[in-house]
Amino acid sequence: MATEVERKTDIGPPHYEQFLHPLMKANYGNWKYHETLKPGVLAHTGEAGTLYTVRCASPRLASTNFIRQMTALADKYSDGYLRFTSRNNIEFLLADKENIDPLIDELNQMNIPVGGTNNAVSNVVHTQGWVHCHSSATDASGLVKAVMDELTDYFTSEKLPARVRVAVACCLNMCGAVHASDVAILGVHRTPPRIDNETLPNLCEIPTTVASCPNNAIKPTSIEGKTTVTVDEDKCMYCGNCYTVCPAMPLADPLNDGVSIWVGGKISNARSEPKFTKLAIPYLPNNPPRWPEAVSAVKNIIEVYAENAKPFERMGEWIERIGWPKFFDLTGIEFSKYHLDDFRYAGTTYRRSLHNRY
Amino acid sequence: MATEVERKTDIGPPHYEQFLHPLMKANYGNWKYHETLKPGVLAHTGEAGTLYTVRCASPRLASTNFIRQMTALADKYSDGYLRFTSRNNIEFLLADKENIDPLIDELNQMNIPVGGTNNAVSNVVHTQGWVHCHSSATDASGLVKAVMDELTDYFTSEKLPARVRVAVACCLNMCGAVHASDVAILGVHRTPPRIDNETLPNLCEIPTTVASCPNNAIKPTSIEGKTTVTVDEDKCMYCGNCYTVCPAMPLADPLNDGVSIWVGGKISNARSEPKFTKLAIPYLPNNPPRWPEAVSAVKNIIEVYAENAKPFERMGEWIERIGWPKFFDLTGIEFSKYHLDDFRYAGTTYRRSLHNRY
Amino acid sequence: MADDLKIPLLEELEKGPWPSFVSDIKSVADKSEMARDLLRQLEKSYEDKRGYWKHGGLVGVLGYGGGVIGRYSALPEEFPGVSHFHTMRVNQPSGWVYTSKALNEIMDLWDEHGSGLTNMHGSTGDLVLLGTRTEELEPMFQALTQKGWDLGGSGSDMRTPSCCIGPARCEWACYDTLDLCYNLTQEYQDELHRPMFNYKFKFKLAGCPNDCVASQARSDMAIVGVWKDEIQIDKDAYAEYIKDGFNVKEYVVDMCPTGCITADENDIEIDDSNCVKCMHCIARMPKALAPGKERGAALCLGAKAPIVEGALIAQVIVPFMKLEPPYEELHDLIERIWEFWDEHGKARERIGEFIERVSLATFLEGIGLEPLPQMVKQPRDNPYVFYEEYYAEEDEGEDA
Amino acid sequence: MADDLKIPLLEELEKGPWPSFVSDIKSVADKSEMARDLLRQLEKSYEDKRGYWKHGGLVGVLGYGGGVIGRYSALPEEFPGVSHFHTMRVNQPSGWVYTSKALNEIMDLWDEHGSGLTNMHGSTGDLVLLGTRTEELEPMFQALTQKGWDLGGSGSDMRTPSCCIGPARCEWACYDTLDLCYNLTQEYQDELHRPMFNYKFKFKLAGCPNDCVASQARSDMAIVGVWKDEIQIDKDAYAEYIKDGFNVKEYVVDMCPTGCITADENDIEIDDSNCVKCMHCIARMPKALAPGKERGAALCLGAKAPIVEGALIAQVIVPFMKLEPPYEELHDLIERIWEFWDEHGKARERIGEFIERVSLATFLEGIGLEPLPQMVKQPRDNPYVFYEEYYAEEDEGEDA
Ligand code: SRM
Ligand code: SRM
Ligand code: SRM
Ligand code: SRM
Ligand code: SF4
Ligand code: SF4
Ligand code: SF4
Ligand code: SF4
Ligand code: SF4
Ligand code: SF4
Ligand code: SF4
Ligand code: SF4
């Protein structure tokens with residue numbers, strides 16, 4: 001490229017300070033407390049005054065148009081300052097309390113829900129899906145839209161016992177938060193990789209491919225003089241790791257791919273230690289564009305939780321309090337052999353005491 | 001054998017019913033409640049009346065003399081009925097309340113402590129040691145005697161917060177309760193087996209020997225044409241399993257054998273689930289006849305526990321409430337790399353949260 | 001006399017308030033050369049800080065493979081009295097109950113045929129007769145059987161079952177531990193006496209979740225009594241506890257692991273649907289509370305000491321089974337378990353290790369039980385599911 | 001116009017209250033062929049229930065190995081607009097704070113050089129620019145750097161660090177997450193842009209144990225703010241909560257995991273020696289309670305998703321470190337960790353898996369840290385200790 005300017009590298013991101021709202025600078029490190037004025041609206045107070053935050057949803061997969069709409073609102077109501085949250089919501093940072101309602105009105109007119117604070121279902125941490133990733137067993141953005149259409153009411157209110165963090169990932173790589181969320185939807189393959197013996201010898205390194213399998217299902221073999229690999233189908237658990245390192249072993253399979261539902265994970269240290277999400281429903285079909293089976297499964301779980309948990313009790317804490325048998329009872333989900341762990345630490349998940357409910 | 005009577009086999013033990021005290025038969029399955037009259041004395045009540053139990057210690061390694069002394073007392077005070085507990089105490093079963101004190105007097109005259117009930121240190125579940133077993137890294141009976149001499153006061157009283165179950169085993173086979181006791185003393189080897197290449201090829205099956213090692217430290221090898229084995233010393237964790245299957249691989253080593261101290265296990269489901277015992281002190285020397293280091297370590301742990309735990313809180317429950325850092329603090333025991341797990345489920349023992357005390 | 005003993009180190013263990021095994025062995029040293037040489041060899045162990053026993057060989061009684069542990073001194077010339085020093089494991093009665101008469105008879109036989117030393121009892125539960133010569137095994141065995149006693153297990157066989165005192169002297173027993181212990185022992189005499197398993201298999205039977213025989217820590221099958229319905233409450237007796245000043249909040253309510261007790265000065269209520277049968281509240285107020293009426297036991301498999309794959313606490317395999325004679329359902333299940341373990345287990349692989357290796361799902365399938373959420377602390381948290389049914393191209397849209 | 005789109009399935013996703021990514025992509029479909037063909041290819045995926053992307057090749061900008069994810073359509077003839085569809089990961093500012101001006105500038109550049117589509121933000125934290133052609137990568141990169149922006153990580157490199165809003169808008173931040181996030185990003189530009197590790201290495205920085213950036217679940221090194229001393233109590237503010245009828249017993253005292261709070265209508269007291277810094281009480285009464293004054297962070301290693309050896313939550317490796325510029329102690333430790341992992345780790349082995357494989361003790365030795373009980377939930381429960389020092393025959397009685 002023949003540009004006149006010097007080519008810059010390794011400059012890193014801009015310093016954040018230039019993007020801080022003046023009140024953020026003034027109260028930096030000296031905030032006293034915060035309050036929630038209503039769902040989606042926070043007020044943080046320090047010596048230098050109070051900063052108001054209005055939080056709204058975003059599809060995350062956002063066009064430049066959408067972002068410009070948001071910056072326009074920021075220019076109008078928040079002195080041009082806005083931020084994104086760790087769950088892909090948008091936050092407008094307001095010095096002037098009077099701006100809160102007009103801003104919310106405009107957002108509502110644009111059909112953008114305001115909320116996601118405290119005991120709400122916040123935005124869904126999710127991944128690429130059929131929009132961008134070669135690995136996906138399902139779509140992500142579509143699932144999120146379908147699920148959140150049913151849960152918007154829980155986003156704009158704070159009527160749940162505690163936060164409910166929902167995540168979606170389109171394959172076992174779990175680019176996001178599936179393994180530690182209150183409720184998660186995970187795309188799954190259910191058939192072993194199909195080996196393209198034509199291209200494999202050129203595309204893939206055999207030792208890396210063999211080593212990629214967590215269950216030693218892959219062995220080197222020779223077909224017509226060329227070294228390729230073979231998969232022991234009994235040992236394959238469809239994780240897709242081989243495909244990540246070797247493109248000649250695709251797993252995608254329209255007939256069998258689908259989603260599984262997971263529950264009870266958390267990340268915070270509040271009360272209980274962080275927990276992994278556990279399997280609730282091993283398989284539901286891929287049913288685009290609205291995945292009705294997955295959506296109603298998630299909704300059911302959240303509603304049963306909402307009815308039964310105590311205040312400030314996260315999904316996983318609630319389940320531990322009432323016990324897993326009761327969880328399966330209350331939600332009407334069937335318990336099956338797929339729920340029984342058989343991976344590395346399986347032995348530690350077996351009930352090794354008499355502590356059971358009947 | 002030329003006896004006149006028919007040789008009997010597979011008759012099994014005598015039916016217990018013939019050994020049941022009449023009150024046990026009368027109240028069988030219909031006991032109402034029990035009370036503790038004083039340490040070592042229980043009263044169980046049913047429709048048919050109250051049965052009094054007087055419990056006393058036993059060395060477990062007991063001569064026929066000792067047993068006859070006990071049966072004589074039973075004849076005198078408990079209609080000839082007595083039993084042994086699951087922790088090797090002796091229980092006299094009395095119909096007549098008046099007999100309690102005279103019986104206790106006689107026992108005390110024989111220097112046999114009465115107690116072991118409720119929140120006491122009961123008898124020590126233990127093993128053979130140098131008295132009988134080829135595997136032992138220490139003696140068992142001697143350790144028990146030395147420890148209990150210091151703890152008798154906790155046997156004859158009920159002044160501890162809860163039961164304290166002490167166990168001793170003389171090697172990693174743990175023939176007893178070491179892996180699930182409040183406090184345990186475990187004999188340990190600390191050097192790899194010494195291979196007797198002369199006798200090994202005749203005495204041992206090579207594949208079984210190789211397979212016996214939990215850490216794959218044993219490999220077959222050939223010395224002067226004979227197949228024997230070799231041990232990778234870096235991989236050996238001195239468990240002695242190879243010696244169990246192959247006598248030509250002894251581990252006993254007077255310089256290095258010794259004992260380790262373990263804490264916080266329990267078996268009952270009371271309040272918390274059963275727990276394994278955890279490592280407190282990795283190594284103390286074998287110091288017969290009185291193992292002063294081991295004895296004072298055990299005593300210290302029990303005393304610190306007695307001072308700090310809440311009523312009905314078992315050792316392990318107490319430690320979990322205050323946290324392991326505090327346990328090491330309070331007892332003055334040094335925390336070392338040996339406390340860090342590195343076996344199969346090691347990963348599950350690492351602190352995977354911010355839940356720490358400082 | 002025993003003055004030739006010279007056991008100064010051991011004699012240190014004659015001091016102190018706890019009963020001394022040294023004094024006790026000494027007390028038979030006069031009449032037993034075995035006891036004498038045991039003390040002398042033991043003194044040498046105390047001096048040298050090591051044991052002097054050789055690996056036992058295969059010794060036993062006619063037709064049995066188990067019940068005797070062979071043992072030989074490594075220094076037979078120095079200590080001829082213990083050149084042979086085998087133990088015999090006598091199968092104890094359920095609940096370790098005895099009469100003086102029965103015990104004295106055994107002692108007499110043992111003075112005649114053995115060292116005069118015992119373990120009352122061994123950790124598995126046997127009445128252990130400690131130390132005799134090979135040639136005395138069969139005579140002692142025959143003498144014992146004449147008196148109605150038999151040997152217990154050792155080696156890769158079913159081991160001697162043992163049980164808590166249960167219904168014979170405990171208000172909490174949820175099934176008849178003594179009867180079932182006797183029943184299993186009799187039913188499986190062959191498995192007890194003739195090692196033919198992959199490895200040992202222990203039964204322990206506890207009448208309630210207090211587990212006074214340590215079954216969940218130390219037996220391949222732990223049978224632990226439990227109830228399914230409501231804890232029985234005697235409100236009058238409760239009032240008595242309150243009147244006596246018992247701190248029900250601190251010692252009961254606050255210590256219930258699931259917080260399912262509501263209690264005050266006037267009343268106590270338990271949310272039994274959330275009670276995990278831990279026994280704590282019942283143990284604190286035995287007059288006011290008692291296990292429910294729908295009683296049975298949980299069957300748990302796989303407890304063991306660490307060798308080889310690490311220690312295990314028993315895992316629930318049947319959350320609840322009614323246990324009443326003739327115990328057919330239980331026998332059936334035990335036999336299915338043994339069969340599957342026999343066929344697929346490796347040598348020296350305990351049942352608990354076996355389940356971990358083949359996975360619980362496979363094991364359940366193998367023994368014909370349905371998976372239940374009560375069998376786990378939690379469902380899997382990893383996504384590595386072995387899906388079994390999947391669609392093939394032909395049968396699109398249809399469930400396989 | 002976009003009427004030639006024919007995307008009836010996708011259009012179902014324009015209904016409902018939640019913002020529709022379909023409508024949004026449509027809104028740029030006029031000006032962006034890429035967006036148009038993305039919708040068309042996606043519609044086909046919805047019809048066929050499968051993705052149509054090929055494995056990405058190695059594409060990027062000059063001199064960098066990371067920051068770009070290559071992506072090609074599997075059906076380039078049918079959907080030429082997405083025949084190339086690479087994403088660029090732009091390193092976001094600490095705390096995801098922006099001005100309208102800065103954001104608009106990036107949008108302008110992206111309309112010029114790319115699809116007009118973004119992810120605000122990617123799960124690692126980058127401002128993800130979604131979809132462009134190989135030949136646009138370098139121009140876009142240069143345009144970005146001119147405006148002061150740079151790329152983040154991808155591949156086996158350090159990944160873009162991210163942090164919670166911390167001291168900029170949160171009263172609980174125990175260290176300056178934004179500053180440290182910036183500092184680490186700048187300090188390790190080389191590691192960020194040029195993959196040379198065994199595998200990816202992610203940093204996430206949370207100001208307190210609430211962990212609002214999910215660091216403990218999703219980063220190889222989680223830096224989580226915490227305090228060592230007493231929770232600060234404002235008694236007047238406490239009185240206000242009580243006056244307002246807040247149920248301190250039910251919502252605070254009974255929910256403290258260690259039961260270390262005593263509180264009634266008049267007063268609140270905390271046994272800080274037993275507080276595990278869970279934040280629950282503070283979050284319930286932000287006006288009355290606050291983290292202590294001796295602040296810093298815990299360093300935790302090894303969180304990750306399940307591939308290959310199972311998911312991990314981060315483990316404590318330094319229970320407490322003061323974190324103040326210039327952060328030398330931290331840099332030092334990070335470098336020791338990378339060095340040891342580099343030397344002994346396997347390809348595609350995350351640091352958490354590495355520690356599990358070599359054992360925590362070995363790892364600590366390798367990076368020069370002392371073992372502490374705060375690093376474990378419990379000491380080992382198995383007896384398989386690798387004793388290192390032992391006596392040899394010669395030096396009897398002396399400690400080696
Ligand atoms: C804005 C944001 C940080 C950021 O830099 O972006 C944030 C901001 C706050 N969090 Fe958070 N949290 C944010 C993501 C998280 C996450 C991460 C996640 O969800 O992926 C967690 C861990 C969730 C988990 O455990 O799975 C998180 C767990 C908490 C908790 C612990 C709640 C619990 O009971 O487990 C608190 C304390 C509380 O409010 O009780 C908290 C509290 C707060 C407070 C009240 C802190 C403060 O004083 O300012 C902030 C407003 C809360 C609210 O939303 O009502 N924040 N918070 C994130 C907003 C995400 C969103 O758009 O929804
Ligand atoms: C006699 C014996 C059963 C037998 O068949 O031999 C027995 C008898 C009783 N046990 Fe036990 N337990 C006996 C071994 C055990 C064991 C096994 C062991 O120690 O190896 C345990 C499990 C210990 C553990 O968890 O490590 C045991 C855990 C309990 C518990 C639960 C205590 C706890 O808080 O963990 C109770 C309930 C209570 O008293 O609180 C209990 C209660 C009882 C009661 C009160 C039951 C009753 O109503 O009769 C009996 C008298 C208790 C006492 O000693 O004060 N028993 N008890 C055993 C006496 C052993 C001894 O000589 O010391
Ligand atoms: C006598 C006794 C100890 C005692 O002093 O009470 C004992 C003694 C021996 N046990 Fe044991 N075990 C005894 C109860 C136990 C228990 C406790 C129990 O049954 O409740 C255990 C732990 C529970 C379990 O089964 O895991 C136990 C776990 C072992 C092990 C480790 C097994 C494992 O899977 O981890 C071995 C090693 C082996 O089997 O090769 C073993 C092996 C041995 C051998 C046979 C030594 C050997 O390597 O061949 C010991 C013979 C010693 C001798 O010279 O007399 N012994 N052994 C106990 C049997 C007496 C009885 O019949 O009543
Ligand atoms: C774009 C993004 C998802 C998103 O929609 O936000 C993403 C996308 C991909 N991830 Fe990821 N990961 C993304 C955040 C994550 C996260 C979450 C995080 O960083 O907090 C995780 C879980 C945490 C972790 O690191 O373990 C994650 C765990 C993985 C894994 C599994 C790694 C593991 O050790 O378990 C893989 C597989 C691999 O590395 O080969 C993977 C691989 C991939 C690849 C490169 C696919 C592959 O096999 O080569 C995906 C490219 C998709 C595409 O076409 O754009 N991605 N990936 C995220 C990065 C955006 C950004 O830079 O901000
Ligand atoms: S979860 Fe899988 S399919 Fe989805 S973006 Fe990540 S790697 Fe791709
Ligand atoms: S999908 Fe996973 S389990 Fe199956 S062969 Fe590939 S790497 Fe192995
Ligand atoms: S613990 Fe070891 S040394 Fe002791 S009796 Fe058992 S096998 Fe023998
Ligand atoms: S002692 Fe244990 S670890 Fe060492 S070689 Fe023998 S079997 Fe292996
Ligand atoms: S286990 Fe239960 S039933 Fe058996 S003695 Fe102990 S308390 Fe009684
Ligand atoms: S038995 Fe245990 S769990 Fe059940 S109510 Fe009593 S204390 Fe609570
Ligand atoms: S992690 Fe703590 S400091 Fe950071 S935003 Fe969340 S609550 Fe505030
Ligand atoms: S921070 Fe958590 S552990 Fe500490 S006092 Fe508050 S609620 Fe209890």
# chains A, B, ... in the order shown; residues from 1 in each chain; ligands from 1
>>> residues_near_ligand(ligand="ligand 7", cutoff="9 Å", atoms="only C-alpha atoms and all ligand atoms", output="list in words")
His126, Thr127, Gln128, Gly129, Trp130, His132, Cys133, His134, Ser135, Ser136, Ala137, Thr138, Asp139, Ala140, Val168, Ala169, Cys170, Cys171, Leu172, Asn173, Met174, Cys175, Gly176, Leu186, Gly187, Gly240 and Thr244 of chain B
>>> closest_atom_pairs(of="stretch 19-47 of chain D", to="stretch 278-294 of chain A", cutoff="10 Å", atoms="only C-alpha atoms", output="JSON lines")
{"residue": "D:Glu43", "atom": "CA", "partner": "A:Pro289", "partner_atom": "CA", "distance": 9.2}
{"residue": "D:Ser45", "atom": "CA", "partner": "A:Pro288", "partner_atom": "CA", "distance": 9.2}
{"residue": "D:Tyr46", "atom": "CA", "partner": "A:Pro288", "partner_atom": "CA", "distance": 5.7}
{"residue": "D:Glu47", "atom": "CA", "partner": "A:Pro288", "partner_atom": "CA", "distance": 7.8}
>>> write_last_selection(atoms="all heavy atoms", output="short mmCIF file (atom, residue, chain, number, x, y, z; two decimals), in the first residue's frame")
data_model
loop_
_atom_site.label_atom_id
_atom_site.label_comp_id
_atom_site.auth_asym_id
_atom_site.auth_seq_id
_atom_site.Cartn_x
_atom_site.Cartn_y
_atom_site.Cartn_z
N GLU D 43 -30.29 -17.57 4.92
CA GLU D 43 -31.61 -18.13 4.63
C GLU D 43 -31.45 -19.60 4.19
O GLU D 43 -32.19 -20.48 4.61
CB GLU D 43 -32.31 -17.31 3.53
CG GLU D 43 -33.68 -17.85 3.10
CD GLU D 43 -34.81 -17.58 4.11
OE1 GLU D 43 -34.58 -16.85 5.09
OE2 GLU D 43 -35.92 -18.13 3.92
N SER D 45 -29.04 -21.57 5.00
CA SER D 45 -28.71 -22.35 6.20
C SER D 45 -29.98 -22.68 6.99
O SER D 45 -30.14 -23.79 7.50
CB SER D 45 -27.76 -21.57 7.12
OG SER D 45 -26.46 -21.56 6.58
N TYR D 46 -30.88 -21.70 7.08
CA TYR D 46 -32.12 -21.94 7.82
C TYR D 46 -32.97 -22.99 7.12
O TYR D 46 -33.66 -23.78 7.76
CB TYR D 46 -32.90 -20.62 8.00
CG TYR D 46 -32.49 -19.86 9.25
CD1 TYR D 46 -31.15 -19.55 9.48
CD2 TYR D 46 -33.43 -19.47 10.20
CE1 TYR D 46 -30.77 -18.87 10.62
CE2 TYR D 46 -33.06 -18.78 11.35
CZ TYR D 46 -31.72 -18.48 11.56
OH TYR D 46 -31.34 -17.82 12.69
N GLU D 47 -32.92 -22.98 5.80
CA GLU D 47 -33.66 -24.02 5.07
C GLU D 47 -33.03 -25.39 5.27
O GLU D 47 -33.70 -26.37 5.55
CB GLU D 47 -33.65 -23.72 3.56
CG GLU D 47 -34.63 -22.66 3.11
CD GLU D 47 -34.29 -22.13 1.72
OE1 GLU D 47 -33.42 -22.73 1.03
OE2 GLU D 47 -34.88 -21.09 1.34
#
>>> atom_distance(atom1="atom CA of B:Pro325", atom2="atom CA of D:Asn274")
10.7 Å
>>> residues_around(residues="B:Phe343", least_positions_apart="4", cutoff="9 Å", atoms="only C-alpha atoms", output="PDB file with all heavy atoms, in the first residue's frame")
ATOM      1  N   GLY B 347      -7.422 -31.891  40.377  1.00  0.00           N
ATOM      2  CA  GLY B 347      -8.000 -30.636  39.888  1.00  0.00           C
ATOM      3  C   GLY B 347      -9.218 -30.189  40.666  1.00  0.00           C
ATOM      4  O   GLY B 347      -9.474 -28.993  40.797  1.00  0.00           O
TER       5      GLY B 347
ATOM      6  N   GLY C 310      -7.561 -44.923  44.314  1.00  0.00           N
ATOM      7  CA  GLY C 310      -8.020 -43.902  45.251  1.00  0.00           C
ATOM      8  C   GLY C 310      -9.208 -44.414  46.051  1.00  0.00           C
ATOM      9  O   GLY C 310      -9.975 -45.242  45.571  1.00  0.00           O
TER      10      GLY C 310
ATOM     11  N   SER D 359       0.740 -31.003  37.724  1.00  0.00           N
ATOM     12  CA  SER D 359       0.401 -30.866  39.147  1.00  0.00           C
ATOM     13  C   SER D 359       0.716 -29.467  39.643  1.00  0.00           C
ATOM     14  O   SER D 359       1.665 -28.824  39.207  1.00  0.00           O
ATOM     15  CB  SER D 359       1.093 -31.905  40.042  1.00  0.00           C
ATOM     16  OG  SER D 359       2.303 -31.401  40.585  1.00  0.00           O
ATOM     17  N   ARG D 380      -4.821 -32.801  50.088  1.00  0.00           N
ATOM     18  CA  ARG D 380      -5.059 -34.099  49.456  1.00  0.00           C
ATOM     19  C   ARG D 380      -5.788 -35.049  50.397  1.00  0.00           C
ATOM     20  O   ARG D 380      -5.596 -34.996  51.611  1.00  0.00           O
ATOM     21  CB  ARG D 380      -3.732 -34.725  49.029  1.00  0.00           C
ATOM     22  CG  ARG D 380      -2.871 -35.189  50.187  1.00  0.00           C
ATOM     23  CD  ARG D 380      -1.744 -36.136  49.734  1.00  0.00           C
ATOM     24  NE  ARG D 380      -0.815 -35.493  48.846  1.00  0.00           N
ATOM     25  CZ  ARG D 380      -0.522 -35.929  47.629  1.00  0.00           C
ATOM     26  NH1 ARG D 380      -1.080 -37.023  47.159  1.00  0.00           N
ATOM     27  NH2 ARG D 380       0.337 -35.290  46.877  1.00  0.00           N
ATOM     28  N   ASN D 382      -5.808 -38.391  49.406  1.00  0.00           N
ATOM     29  CA  ASN D 382      -5.219 -39.694  49.077  1.00  0.00           C
ATOM     30  C   ASN D 382      -3.801 -39.724  49.613  1.00  0.00           C
ATOM     31  O   ASN D 382      -3.168 -38.679  49.779  1.00  0.00           O
ATOM     32  CB  ASN D 382      -5.221 -39.909  47.568  1.00  0.00           C
ATOM     33  CG  ASN D 382      -4.398 -38.854  46.865  1.00  0.00           C
ATOM     34  OD1 ASN D 382      -3.176 -38.865  46.913  1.00  0.00           O
ATOM     35  ND2 ASN D 382      -5.074 -37.890  46.236  1.00  0.00           N
ATOM     36  N   TYR D 384      -1.076 -40.786  48.319  1.00  0.00           N
ATOM     37  CA  TYR D 384      -0.027 -41.012  47.316  1.00  0.00           C
ATOM     38  C   TYR D 384       0.934 -39.835  47.223  1.00  0.00           C
ATOM     39  O   TYR D 384       1.014 -39.143  46.211  1.00  0.00           O
ATOM     40  CB  TYR D 384      -0.672 -41.323  45.972  1.00  0.00           C
ATOM     41  CG  TYR D 384      -1.504 -42.593  45.987  1.00  0.00           C
ATOM     42  CD1 TYR D 384      -2.708 -42.686  45.312  1.00  0.00           C
ATOM     43  CD2 TYR D 384      -1.065 -43.715  46.687  1.00  0.00           C
ATOM     44  CE1 TYR D 384      -3.458 -43.859  45.321  1.00  0.00           C
ATOM     45  CE2 TYR D 384      -1.808 -44.887  46.709  1.00  0.00           C
ATOM     46  CZ  TYR D 384      -3.002 -44.949  46.032  1.00  0.00           C
ATOM     47  OH  TYR D 384      -3.737 -46.109  46.038  1.00  0.00           O
ATOM     48  N   VAL D 385       1.671 -39.640  48.293  1.00  0.00           N
ATOM     49  CA  VAL D 385       2.596 -38.514  48.391  1.00  0.00           C
ATOM     50  C   VAL D 385       3.946 -38.886  47.769  1.00  0.00           C
ATOM     51  O   VAL D 385       4.498 -39.941  48.066  1.00  0.00           O
ATOM     52  CB  VAL D 385       2.831 -38.151  49.876  1.00  0.00           C
ATOM     53  CG1 VAL D 385       3.778 -36.968  49.984  1.00  0.00           C
ATOM     54  CG2 VAL D 385       1.509 -37.869  50.577  1.00  0.00           C
TER      55      VAL D 385
END
>>> residues_near_ligand(ligand="ligand 12", cutoff="9 Å", atoms="only C-alpha atoms and all ligand atoms", output="PyMOL selection string")
(chain A and resi 269-271) or (chain B and resi 355) or (chain D and resi 231+252-261+269-272+274-283+289+291)
